[in-house]
>>> print(open('data.txt').read())   # compact mmCIF, C-alpha atoms and all ligand atoms
# COMPACT_ATOMS: atom_id res chain seq x y z
CA MET Q 1 -8.96 -2.33 -15.98
CA ARG Q 2 -9.08 1.07 -14.31
CA CYS Q 3 -7.09 1.66 -11.13
CA ASP Q 4 -7.49 5.02 -9.44
CA VAL Q 5 -4.61 6.18 -7.28
CA TRP Q 6 -5.03 9.13 -4.90
CA TRP Q 7 -2.12 10.86 -3.17
CA ALA Q 8 -2.41 12.97 -0.02
CA HIS Q 9 -0.07 14.46 2.52
CA PRO Q 10 -1.02 13.62 6.11
CA ALA Q 11 -3.94 15.97 6.85
CA ALA Q 12 -4.53 18.14 9.91
CA GLY Q 13 -6.62 16.29 12.47
CA THR Q 14 -9.78 18.37 12.15
CA PRO Q 15 -13.00 17.51 14.06
CA ALA Q 16 -14.78 16.95 10.71
CA LEU Q 17 -12.27 14.27 9.63
CA PHE Q 18 -12.39 12.67 13.06
CA GLU Q 19 -16.21 12.57 12.83
CA LEU Q 20 -15.88 10.36 9.74
CA LEU Q 21 -14.27 7.57 11.79
CA ASP Q 22 -16.48 4.82 13.15
CA GLU Q 23 -16.20 3.67 16.79
CA VAL Q 24 -13.64 0.98 16.05
CA GLU Q 25 -11.50 3.38 14.03
CA ARG Q 26 -11.63 5.95 16.83
CA GLY Q 27 -10.21 3.29 19.12
CA ARG Q 28 -7.39 2.61 16.68
CA TYR Q 29 -6.72 6.33 16.28
CA ALA Q 30 -6.48 6.75 20.06
CA GLY Q 31 -4.15 3.75 20.24
CA TYR Q 32 -1.43 5.37 18.15
CA ARG Q 33 1.08 7.05 20.43
CA ARG Q 34 2.75 9.25 17.82
CA GLU Q 35 0.74 12.15 16.42
CA ALA Q 36 2.19 11.48 12.94
CA ASP Q 37 0.80 7.92 13.00
CA LYS Q 38 -2.63 9.16 14.12
CA LEU Q 39 -2.72 11.61 11.22
CA ARG Q 40 -1.58 9.06 8.62
CA PHE Q 41 -4.30 6.68 9.77
CA LEU Q 42 -6.93 9.45 9.80
CA THR Q 43 -5.89 10.60 6.32
CA GLY Q 44 -6.10 7.07 4.94
CA ARG Q 45 -9.65 6.65 6.24
CA ALA Q 46 -10.64 10.10 4.93
CA LEU Q 47 -9.19 9.20 1.52
CA ILE Q 48 -11.15 5.95 1.35
CA ARG Q 49 -14.43 7.55 2.43
CA GLY Q 50 -13.94 10.60 0.21
CA VAL Q 51 -13.05 8.65 -2.94
CA VAL Q 52 -15.52 5.79 -2.45
CA SER Q 53 -18.39 8.18 -1.66
CA ARG Q 54 -17.80 10.01 -4.96
CA GLU Q 55 -17.68 6.74 -6.85
CA LEU Q 56 -20.88 5.43 -5.26
CA GLY Q 57 -22.72 8.76 -5.14
CA ILE Q 58 -23.30 8.61 -1.38
CA ALA Q 59 -22.16 10.75 1.56
CA PRO Q 60 -18.65 10.05 2.95
CA GLY Q 61 -20.16 9.19 6.33
CA GLU Q 62 -22.28 6.46 4.69
CA VAL Q 63 -19.23 4.49 3.52
CA VAL Q 64 -18.94 1.48 5.81
CA LEU Q 65 -15.55 -0.21 6.12
CA ASP Q 66 -14.61 -3.57 7.58
CA SER Q 67 -10.92 -3.95 8.41
CA SER Q 68 -11.11 -7.32 10.13
CA CYS Q 69 -7.81 -9.18 9.95
CA PHE Q 70 -8.15 -12.41 7.94
CA GLU Q 71 -6.12 -14.17 10.63
CA CYS Q 72 -7.28 -12.93 14.03
CA GLY Q 73 -10.40 -10.83 13.30
CA LYS Q 74 -8.98 -7.71 14.96
CA PRO Q 75 -9.63 -4.45 13.03
CA HIS Q 76 -6.07 -4.01 11.71
CA GLY Q 77 -6.50 -5.81 8.36
CA LYS Q 78 -7.09 -4.76 4.77
CA PRO Q 79 -10.09 -2.40 4.58
CA GLN Q 80 -13.12 -3.73 2.68
CA VAL Q 81 -15.93 -1.49 1.44
CA VAL Q 82 -19.03 -3.17 2.84
CA GLY Q 83 -21.79 -3.79 0.29
CA SER Q 84 -19.71 -2.80 -2.74
CA THR Q 85 -17.51 -4.42 -5.37
CA LEU Q 86 -14.96 -1.62 -4.95
CA GLU Q 87 -11.56 -2.81 -3.72
CA VAL Q 88 -9.16 -0.50 -1.90
CA SER Q 89 -5.65 -0.55 -0.53
CA ILE Q 90 -3.85 2.06 1.62
CA SER Q 91 -0.21 2.78 2.30
CA HIS Q 92 1.60 5.51 4.21
CA SER Q 93 5.26 6.45 4.42
CA GLY Q 94 7.04 9.73 5.18
CA GLU Q 95 5.07 12.59 3.69
CA TRP Q 96 2.66 10.50 1.67
CA VAL Q 97 -0.56 8.60 2.15
CA VAL Q 98 -1.81 6.73 -0.94
CA LEU Q 99 -5.05 4.98 -1.82
CA ALA Q 100 -5.51 2.59 -4.77
CA MET Q 101 -9.03 1.61 -5.84
CA THR Q 102 -10.40 -0.76 -8.47
CA ASP Q 103 -13.83 -2.13 -9.19
CA GLY Q 104 -13.70 -5.85 -8.63
CA ALA Q 105 -9.96 -6.61 -8.81
CA SER Q 106 -7.92 -7.28 -5.67
CA VAL Q 107 -5.45 -4.43 -5.36
CA GLY Q 108 -2.41 -3.63 -3.27
CA VAL Q 109 -0.43 -0.42 -3.06
CA ASP Q 110 2.78 0.41 -1.27
CA VAL Q 111 4.80 3.59 -0.90
CA GLU Q 112 8.19 3.61 0.79
CA GLU Q 113 10.39 6.52 1.72
CA VAL Q 114 13.97 5.74 0.72
CA ARG Q 115 15.53 5.89 4.16
CA ASP Q 116 18.56 4.70 6.12
CA ALA Q 117 18.29 0.96 6.63
CA GLU Q 118 20.53 -2.08 6.80
CA VAL Q 119 19.47 -3.04 3.30
CA ASP Q 120 21.96 -5.88 2.83
CA GLY Q 121 20.72 -7.57 6.01
CA LEU Q 122 17.06 -7.00 5.15
CA ALA Q 123 17.58 -8.32 1.62
CA GLY Q 124 19.06 -11.49 3.13
CA ILE Q 125 15.77 -12.05 4.95
CA CYS Q 126 13.19 -10.85 2.41
CA PHE Q 127 14.64 -11.67 -0.99
CA SER Q 128 14.56 -14.99 -2.81
CA PRO Q 129 17.94 -16.58 -3.74
CA PRO Q 130 17.80 -15.33 -7.39
CA GLU Q 131 16.87 -11.83 -6.21
CA LEU Q 132 19.73 -11.86 -3.74
CA THR Q 133 22.19 -12.77 -6.47
CA THR Q 134 20.96 -9.88 -8.63
CA PHE Q 135 20.89 -7.50 -5.66
CA LYS Q 136 24.50 -8.22 -4.68
CA SER Q 137 25.64 -7.32 -8.21
CA ILE Q 138 24.19 -3.79 -7.90
CA PRO Q 139 26.83 -1.11 -7.21
CA GLU Q 140 26.80 -0.18 -3.52
CA GLU Q 141 25.76 3.44 -4.11
CA GLU Q 142 22.60 2.28 -5.95
CA ARG Q 143 21.68 -0.50 -3.58
CA ARG Q 144 19.54 1.45 -1.10
CA GLY Q 145 17.26 2.80 -3.83
CA ALA Q 146 17.10 -0.62 -5.50
CA PHE Q 147 16.19 -2.27 -2.20
CA PHE Q 148 13.19 0.03 -1.71
CA THR Q 149 12.09 -0.56 -5.32
CA TYR Q 150 11.99 -4.31 -4.62
CA TRP Q 151 10.36 -3.74 -1.25
CA ALA Q 152 7.54 -1.50 -2.52
CA ARG Q 153 6.83 -3.86 -5.42
CA LYS Q 154 6.76 -6.94 -3.18
CA GLU Q 155 4.65 -5.34 -0.52
CA ALA Q 156 2.13 -4.19 -3.16
CA VAL Q 157 1.72 -7.81 -4.30
CA LEU Q 158 1.41 -9.10 -0.73
CA LYS Q 159 -1.18 -6.44 0.08
CA ALA Q 160 -3.20 -7.39 -2.99
CA THR Q 161 -3.54 -10.91 -1.54
CA GLY Q 162 -5.15 -9.39 1.59
CA LYS Q 163 -2.71 -11.32 3.76
CA GLY Q 164 0.21 -8.90 3.79
CA MET Q 165 3.46 -10.18 5.24
CA TRP Q 166 1.79 -13.30 6.45
CA VAL Q 167 2.88 -14.42 2.97
CA VAL Q 168 6.63 -14.97 3.20
CA MET Q 169 8.34 -12.31 1.12
CA SER Q 170 11.25 -14.49 0.06
CA LYS Q 171 8.84 -16.89 -1.67
CA LEU Q 172 8.31 -14.36 -4.44
CA THR Q 173 10.90 -13.53 -7.07
CA LEU Q 174 10.54 -10.22 -8.88
CA ALA Q 175 12.19 -8.88 -12.02
CA ALA Q 176 15.28 -6.73 -11.43
CA HIS Q 177 14.72 -3.25 -9.98
CA ASP Q 178 15.63 -1.55 -13.28
CA GLU Q 179 13.17 -3.65 -15.31
CA PRO Q 180 9.37 -3.18 -15.46
CA PRO Q 181 7.73 -4.63 -12.35
CA ARG Q 182 6.76 -8.26 -12.66
CA VAL Q 183 6.62 -11.40 -10.54
CA THR Q 184 8.84 -13.95 -12.26
CA ALA Q 185 8.41 -16.85 -9.82
CA SER Q 186 6.20 -17.72 -6.87
CA GLU Q 187 6.60 -20.46 -4.31
CA THR Q 188 3.37 -19.55 -2.55
CA THR Q 189 -0.15 -20.55 -3.55
CA GLU Q 190 -1.28 -17.03 -2.56
CA VAL Q 191 0.30 -15.54 -5.70
CA ASP Q 192 -0.36 -16.93 -9.18
CA ILE Q 193 2.21 -15.18 -11.36
CA THR Q 194 -0.05 -15.32 -14.42
CA ALA Q 195 -2.74 -13.32 -12.59
CA VAL Q 196 -0.74 -10.49 -11.06
CA ARG Q 197 -0.19 -7.21 -12.93
CA MET Q 198 1.93 -4.36 -11.59
CA ALA Q 199 2.76 -0.73 -12.25
CA ASP Q 200 5.35 1.52 -10.60
CA LEU Q 201 4.23 4.93 -9.34
CA ASP Q 202 6.51 7.97 -9.26
CA ARG Q 203 6.76 10.33 -6.28
CA GLY Q 204 10.30 11.54 -6.98
CA PRO Q 205 13.72 10.11 -6.05
CA GLY Q 206 13.04 10.01 -2.28
CA TYR Q 207 10.22 7.47 -2.63
CA ARG Q 208 9.39 4.16 -4.29
CA ALA Q 209 5.81 3.12 -4.91
CA CYS Q 210 3.96 0.40 -6.77
CA ILE Q 211 0.49 -1.04 -7.30
CA ALA Q 212 -0.37 -4.69 -7.93
CA VAL Q 213 -3.72 -6.08 -9.09
CA PHE Q 214 -5.03 -9.56 -9.66
CA SER Q 215 -6.60 -9.12 -13.07
CA ASP Q 216 -6.65 -10.43 -16.66
CA SER Q 217 -5.66 -7.04 -17.99
CA ALA Q 218 -2.97 -4.50 -17.13
CA PRO Q 219 -4.11 -1.72 -14.79
CA LYS Q 220 -4.84 1.63 -16.44
CA VAL Q 221 -3.58 3.84 -13.65
CA ASP Q 222 -5.29 7.20 -13.18
CA GLU Q 223 -3.42 9.28 -10.58
CA HIS Q 224 -4.99 12.15 -8.62
CA GLU Q 225 -3.80 14.64 -6.00
CA ALA Q 226 -6.20 14.50 -3.06
CA GLY Q 227 -5.57 17.92 -1.48
CA GLU Q 228 -8.91 19.41 -2.57
CA LEU Q 229 -10.79 16.23 -1.76
CA ILE Q 230 -9.45 16.21 1.81
CA THR Q 231 -10.21 19.93 2.20
CA SER Q 232 -13.77 19.35 1.02
CA LEU Q 233 -14.22 16.76 3.78
CA GLY Q 234 -13.26 19.37 6.40
C1 LIG Q 301 -0.15 -4.97 5.57
C2 LIG Q 301 1.28 -4.69 5.95
C3 LIG Q 301 2.18 -5.28 4.89
C4 LIG Q 301 1.43 -3.17 6.04
O1 LIG Q 301 2.72 -2.80 6.23
P1 LIG Q 301 3.34 -1.34 6.51
O2 LIG Q 301 4.48 -1.17 5.60
O3 LIG Q 301 3.55 -1.22 7.96
O4 LIG Q 301 2.25 -0.25 6.23
P2 LIG Q 301 1.59 0.44 4.97
O5 LIG Q 301 1.44 1.86 5.35
O6 LIG Q 301 2.22 0.16 3.66
O7 LIG Q 301 0.15 -0.26 4.93
C5 LIG Q 301 -0.69 -0.16 6.03
C6 LIG Q 301 -2.08 -0.45 5.55
O8 LIG Q 301 -2.17 -1.76 5.01
C7 LIG Q 301 -3.51 -2.19 5.15
N1 LIG Q 301 -3.47 -3.57 5.59
C8 LIG Q 301 -3.44 -4.06 6.84
N2 LIG Q 301 -3.41 -5.41 6.80
C9 LIG Q 301 -3.42 -5.75 5.50
C10 LIG Q 301 -3.39 -7.01 4.83
N3 LIG Q 301 -3.34 -8.16 5.49
N4 LIG Q 301 -3.40 -7.00 3.47
C11 LIG Q 301 -3.45 -5.85 2.79
N5 LIG Q 301 -3.48 -4.63 3.38
C12 LIG Q 301 -3.46 -4.60 4.72
C13 LIG Q 301 -4.22 -1.24 6.08
O9 LIG Q 301 -5.06 -0.41 5.31
C14 LIG Q 301 -3.09 -0.43 6.67
O10 LIG Q 301 -3.38 0.91 6.90
P3 LIG Q 301 -4.46 1.38 7.97
O11 LIG Q 301 -4.38 0.44 9.10
O12 LIG Q 301 -4.07 2.77 8.29
O13 LIG Q 301 -5.75 1.32 7.24
C15 LIG Q 301 1.65 -5.33 7.31
O14 LIG Q 301 1.02 -4.61 8.35
C16 LIG Q 301 1.17 -6.77 7.38
O15 LIG Q 301 1.76 -7.61 6.73
N6 LIG Q 301 0.12 -7.08 8.13
C17 LIG Q 301 -0.44 -8.42 8.21
C18 LIG Q 301 0.49 -9.28 9.05
C19 LIG Q 301 -0.06 -10.53 9.60
O16 LIG Q 301 0.51 -11.53 9.45
N7 LIG Q 301 -1.20 -10.47 10.31
C20 LIG Q 301 -1.70 -11.65 10.92
C21 LIG Q 301 -1.40 -11.64 12.39
S1 LIG Q 301 -2.73 -11.01 13.35
>>> encode(input="data.txt", output="structure tokens", more="lines below")
Ligand SMILES: CC(C)(COP(=O)(O)OP(=O)(O)OC[C@H]1O[C@@H](n2cnc3c(N)ncnc32)[C@H](O)[C@@H]1OP(=O)(O)O)[C@@H](O)C(=O)NCCC(=O)NCCS
Amino acid sequence: MRCDVWWAHPAAGTPALFELLDEVERGRYAGYRREADKLRFLTGRALIRGVVSRELGIAPGEVVLDSSCFECGKPHGKPQVVGSTLEVSISHSGEWVVLAMTDGASVGVDVEEVRDAEVDGLAGICFSPPELTTFKSIPEEERRGAFFTYWARKEAVLKATGKGMWVVMSKLTLAAHDEPPRVTASETTEVDITAVRMADLDRGPGYRACIAVFSDSAPKVDEHEAGELITSLG
């Protein structure tokens, strides 16, 4: 099963990219206080419209998205491509914005900048008991990187469900950070461990990234740099 992954740096906020946003998205854009957050959001929407329009053979402005939250209906949920079987997921962190797209399989992507964080405390909240045992055995100097490996992998799975962190992170147990990504146990009905397939993505030592799909077959990941695509959109 093909999974396209597109990487972009946050783009300049040009009028042409802004024009691609619908009314609801313009409201969200305006609601971000930090310029960096505005541009990450704008870049994510440009990526979706640019990539989906190529796939469907339509103009970027004709791609209609519905980001209604499954829980409250507000437009901050997982984007859906209206009228298409294409499935998309977006993530942004640091210098990267990433889109994953499949045809027909629920997909989640996450990228995380490896940054200063109280990783032992966070692991205590987000990891399952077996994960915590493994995590505590990791040498201290490797623990920060390992934490973000777990985090990106878990968040990718949660985003594939469409419910995000509404699904309690500690209910999933993943394979160790230095093994291939895999869910080894699930205490939530949202994640059937026989149906989830994962693949790590590599953006260098300062980042961790992963995709997860609900599919019978392993994802064949095709990675692309989106610089030219974004430029072509204006
Ligand atoms: C989805 C979520 C994990 C994203 O976390 P994050 O690390 O801050 O951000 P990321 O950059 O990795 O991902 C953000 C993107 O996830 C997507 N997203 C939002 N909600 C999502 C969901 N429920 N499932 C999958 N993807 C979701 C969006 O595309 C969003 O980017 P955009 O708003 O610019 O389009 C987190 O926001 C979340 O769990 N949201 C749902 C929480 C919840 O319980 N909602 C119900 C209460 S109203």
>>> atom_distance(input="data.txt", atom1="CA of His92 (chain Q)", atom2="CA of Val111 (chain Q)")
6.3 Å
>>> atom_distance(input="data.txt", atom1="CA of Asp103 (chain Q)", atom2="CA of Lys171 (chain Q)")
28.1 Å
>>> closest_residue(input="data.txt", among="Q:Asp120, Q:Glu87, Q:Glu155, Q:Asp66", to="ligand LIG 301 (chain Q)", atoms="all atoms listed in the file")
Q:Glu155
>>> residues_near_ligand(input="data.txt", ligand="ligand LIG 301 (chain Q)", cutoff="7 Å", atoms="only C-alpha atoms and all ligand atoms", output="NGL selection string")
:Q and (40-41 or 44-45 or 69-72 or 76-79 or 89-93 or 108 or 110-111 or 155 or 158-166)
>>> write_last_selection(input="data.txt", atoms="C-alpha atoms", output="CSV table (one decimal), keeping the file's coordinate frame")
chain,number,residue,atom,x,y,z
Q,40,ARG,CA,-1.6,9.1,8.6
Q,41,PHE,CA,-4.3,6.7,9.8
Q,44,GLY,CA,-6.1,7.1,4.9
Q,45,ARG,CA,-9.6,6.6,6.2
Q,69,CYS,CA,-7.8,-9.2,10.0
Q,70,PHE,CA,-8.2,-12.4,7.9
Q,71,GLU,CA,-6.1,-14.2,10.6
Q,72,CYS,CA,-7.3,-12.9,14.0
Q,76,HIS,CA,-6.1,-4.0,11.7
Q,77,GLY,CA,-6.5,-5.8,8.4
Q,78,LYS,CA,-7.1,-4.8,4.8
Q,79,PRO,CA,-10.1,-2.4,4.6
Q,89,SER,CA,-5.6,-0.6,-0.5
Q,90,ILE,CA,-3.8,2.1,1.6
Q,91,SER,CA,-0.2,2.8,2.3
Q,92,HIS,CA,1.6,5.5,4.2
Q,93,SER,CA,5.3,6.4,4.4
Q,108,GLY,CA,-2.4,-3.6,-3.3
Q,110,ASP,CA,2.8,0.4,-1.3
Q,111,VAL,CA,4.8,3.6,-0.9
Q,155,GLU,CA,4.6,-5.3,-0.5
Q,158,LEU,CA,1.4,-9.1,-0.7
Q,159,LYS,CA,-1.2,-6.4,0.1
Q,160,ALA,CA,-3.2,-7.4,-3.0
Q,161,THR,CA,-3.5,-10.9,-1.5
Q,162,GLY,CA,-5.2,-9.4,1.6
Q,163,LYS,CA,-2.7,-11.3,3.8
Q,164,GLY,CA,0.2,-8.9,3.8
Q,165,MET,CA,3.5,-10.2,5.2
Q,166,TRP,CA,1.8,-13.3,6.4
>>> residues_near_point(input="data.txt", point="(3.4, 11.6, 9.8)", cutoff="10 Å", atoms="only C-alpha atoms", output="NGL selection string")
:Q and (9-11 or 34-41 or 43 or 92-97)
>>> write_last_selection(input="data.txt", atoms="C-alpha atoms", output="short mmCIF file (atom, residue, chain, number, x, y, z; two decimals), keeping the file's coordinate frame")
data_model
loop_
_atom_site.label_atom_id
_atom_site.label_comp_id
_atom_site.auth_asym_id
_atom_site.auth_seq_id
_atom_site.Cartn_x
_atom_site.Cartn_y
_atom_site.Cartn_z
CA HIS Q 9 -0.07 14.46 2.52
CA PRO Q 10 -1.02 13.62 6.11
CA ALA Q 11 -3.94 15.97 6.85
CA ARG Q 34 2.75 9.25 17.82
CA GLU Q 35 0.74 12.15 16.42
CA ALA Q 36 2.19 11.48 12.94
CA ASP Q 37 0.80 7.92 13.00
CA LYS Q 38 -2.63 9.16 14.12
CA LEU Q 39 -2.72 11.61 11.22
CA ARG Q 40 -1.58 9.06 8.62
CA PHE Q 41 -4.30 6.68 9.77
CA THR Q 43 -5.89 10.60 6.32
CA HIS Q 92 1.60 5.51 4.21
CA SER Q 93 5.26 6.45 4.42
CA GLY Q 94 7.04 9.73 5.18
CA GLU Q 95 5.07 12.59 3.69
CA TRP Q 96 2.66 10.50 1.67
CA VAL Q 97 -0.56 8.60 2.15
#
>>> residues_around(input="data.txt", residues="Phe135 (chain Q)", least_positions_apart="4", cutoff="9 Å", atoms="all atoms listed in the file", output="PyMOL selection string")
chain Q and resi 120+123+127+130-131+139+143+146-147+176-177
>>> write_last_selection(input="data.txt", atoms="C-alpha atoms", output="tab-separated table (two decimals), in the frame of the given file")
chain	number	residue	atom	x	y	z
Q	120	ASP	CA	21.96	-5.88	2.83
Q	123	ALA	CA	17.58	-8.32	1.62
Q	127	PHE	CA	14.64	-11.67	-0.99
Q	130	PRO	CA	17.80	-15.33	-7.39
Q	131	GLU	CA	16.87	-11.83	-6.21
Q	139	PRO	CA	26.83	-1.11	-7.21
Q	143	ARG	CA	21.68	-0.50	-3.58
Q	146	ALA	CA	17.10	-0.62	-5.50
Q	147	PHE	CA	16.19	-2.27	-2.20
Q	176	ALA	CA	15.28	-6.73	-11.43
Q	177	HIS	CA	14.72	-3.25	-9.98
>>> atom_distance(input="data.txt", atom1="CA of Gly206 (chain Q)", atom2="CA of Tyr150 (chain Q)")
14.5 Å
>>> residues_around(input="data.txt", residues="region 191-199 of chain Q", least_positions_apart="5", cutoff="8 Å", atoms="all atoms listed in the file", output="MDAnalysis selection string")
chainID Q and resid 153 157 161 180:186 210:219 221
>>> residues_around(input="data.txt", residues="Glu23 (chain Q)", least_positions_apart="4", cutoff="12 Å", atoms="all atoms listed in the file", output="list in words")
Phe18, Glu19, Gly27, Arg28, Tyr29, Ala30, Val64, Leu65, Asp66 and Pro75 of chain Q
>>> residues_around(input="data.txt", residues="Arg203 (chain Q)", least_positions_apart="2", cutoff="10 Å", atoms="only C-alpha atoms", output="tab-separated table (two decimals) with C-alpha atoms, in the coordinates of the input")
chain	number	residue	atom	x	y	z
Q	7	TRP	CA	-2.12	10.86	-3.17
Q	96	TRP	CA	2.66	10.50	1.67
Q	111	VAL	CA	4.80	3.59	-0.90
Q	112	GLU	CA	8.19	3.61	0.79
Q	113	GLU	CA	10.39	6.52	1.72
Q	200	ASP	CA	5.35	1.52	-10.60
Q	201	LEU	CA	4.23	4.93	-9.34
Q	205	PRO	CA	13.72	10.11	-6.05
Q	206	GLY	CA	13.04	10.01	-2.28
Q	207	TYR	CA	10.22	7.47	-2.63
Q	208	ARG	CA	9.39	4.16	-4.29
Q	209	ALA	CA	5.81	3.12	-4.91
>>> closest_residue(input="data.txt", among="Q:Leu20, Q:Ser137, Q:Thr173, Q:Thr85", to="Ala59 (chain Q)", atoms="only C-alpha atoms")
Q:Leu20
>>> closest_residue(input="data.txt", among="Q:Leu17, Q:Ala156, Q:Val51, Q:Leu132", to="Val119 (chain Q)", atoms="only C-alpha atoms")
Q:Leu132
>>> axis_aligned_box(input="data.txt", around="region 76-94 of chain Q", padding_each_side="8 Å", output="lines of an AutoDock Vina configuration file")
center_x = -7.4
center_y = 2.0
center_z = 3.2
size_x = 44.8
size_y = 31.5
size_z = 33.1
>>> decode(input="data.txt", residues="region 138-153 of chain Q", atoms="N, CA, C and O atoms", output="CSV table (one decimal), in the first residue's frame")
chain,number,residue,atom,x,y,z
Q,138,ILE,N,17.3,2.7,29.8
Q,138,ILE,CA,18.1,3.3,28.8
Q,138,ILE,C,19.1,4.3,29.4
Q,138,ILE,O,18.7,5.0,30.3
Q,139,PRO,N,20.4,4.3,29.0
Q,139,PRO,CA,21.3,5.2,29.6
Q,139,PRO,C,20.8,6.6,29.5
Q,139,PRO,O,20.2,7.0,28.5
Q,140,GLU,N,21.1,7.4,30.6
Q,140,GLU,CA,20.5,8.8,30.7
Q,140,GLU,C,20.8,9.6,29.4
Q,140,GLU,O,20.0,10.3,28.9
Q,141,GLU,N,22.1,9.5,28.9
Q,141,GLU,CA,22.4,10.4,27.8
Q,141,GLU,C,21.6,10.0,26.5
Q,141,GLU,O,21.6,10.8,25.5
Q,142,GLU,N,21.0,8.8,26.4
Q,142,GLU,CA,20.2,8.4,25.2
Q,142,GLU,C,18.7,8.6,25.4
Q,142,GLU,O,17.9,8.4,24.5
Q,143,ARG,N,18.4,9.0,26.7
Q,143,ARG,CA,17.0,8.9,27.0
Q,143,ARG,C,16.1,10.0,26.3
Q,143,ARG,O,15.0,9.7,25.9
Q,144,ARG,N,16.7,11.2,26.1
Q,144,ARG,CA,15.9,12.2,25.4
Q,144,ARG,C,15.5,11.8,24.0
Q,144,ARG,O,14.4,11.9,23.6
Q,145,GLY,N,16.5,11.3,23.3
Q,145,GLY,CA,16.2,10.9,21.9
Q,145,GLY,C,15.3,9.7,21.9
Q,145,GLY,O,14.3,9.7,21.0
Q,146,ALA,N,15.4,8.8,22.8
Q,146,ALA,CA,14.5,7.6,22.9
Q,146,ALA,C,13.1,8.0,23.2
Q,146,ALA,O,12.2,7.5,22.6
Q,147,PHE,N,13.0,9.0,24.1
Q,147,PHE,CA,11.6,9.5,24.4
Q,147,PHE,C,10.9,10.0,23.2
Q,147,PHE,O,9.8,9.7,22.9
Q,148,PHE,N,11.6,10.8,22.4
Q,148,PHE,CA,10.9,11.4,21.2
Q,148,PHE,C,10.7,10.4,20.1
Q,148,PHE,O,9.7,10.5,19.3
Q,149,THR,N,11.5,9.3,20.1
Q,149,THR,CA,11.2,8.2,19.2
Q,149,THR,C,9.8,7.6,19.6
Q,149,THR,O,8.9,7.4,18.8
Q,150,TYR,N,9.7,7.2,20.9
Q,150,TYR,CA,8.4,6.7,21.4
Q,150,TYR,C,7.3,7.6,21.1
Q,150,TYR,O,6.2,7.2,20.6
Q,151,TRP,N,7.5,8.9,21.4
Q,151,TRP,CA,6.4,9.9,21.3
Q,151,TRP,C,6.0,10.0,19.8
Q,151,TRP,O,4.7,10.0,19.6
Q,152,ALA,N,6.9,10.2,18.9
Q,152,ALA,CA,6.5,10.3,17.5
Q,152,ALA,C,5.8,9.1,17.0
Q,152,ALA,O,4.8,9.2,16.3
Q,153,ARG,N,6.2,7.9,17.4
Q,153,ARG,CA,5.6,6.7,17.0
Q,153,ARG,C,4.2,6.6,17.5
Q,153,ARG,O,3.2,6.2,16.8
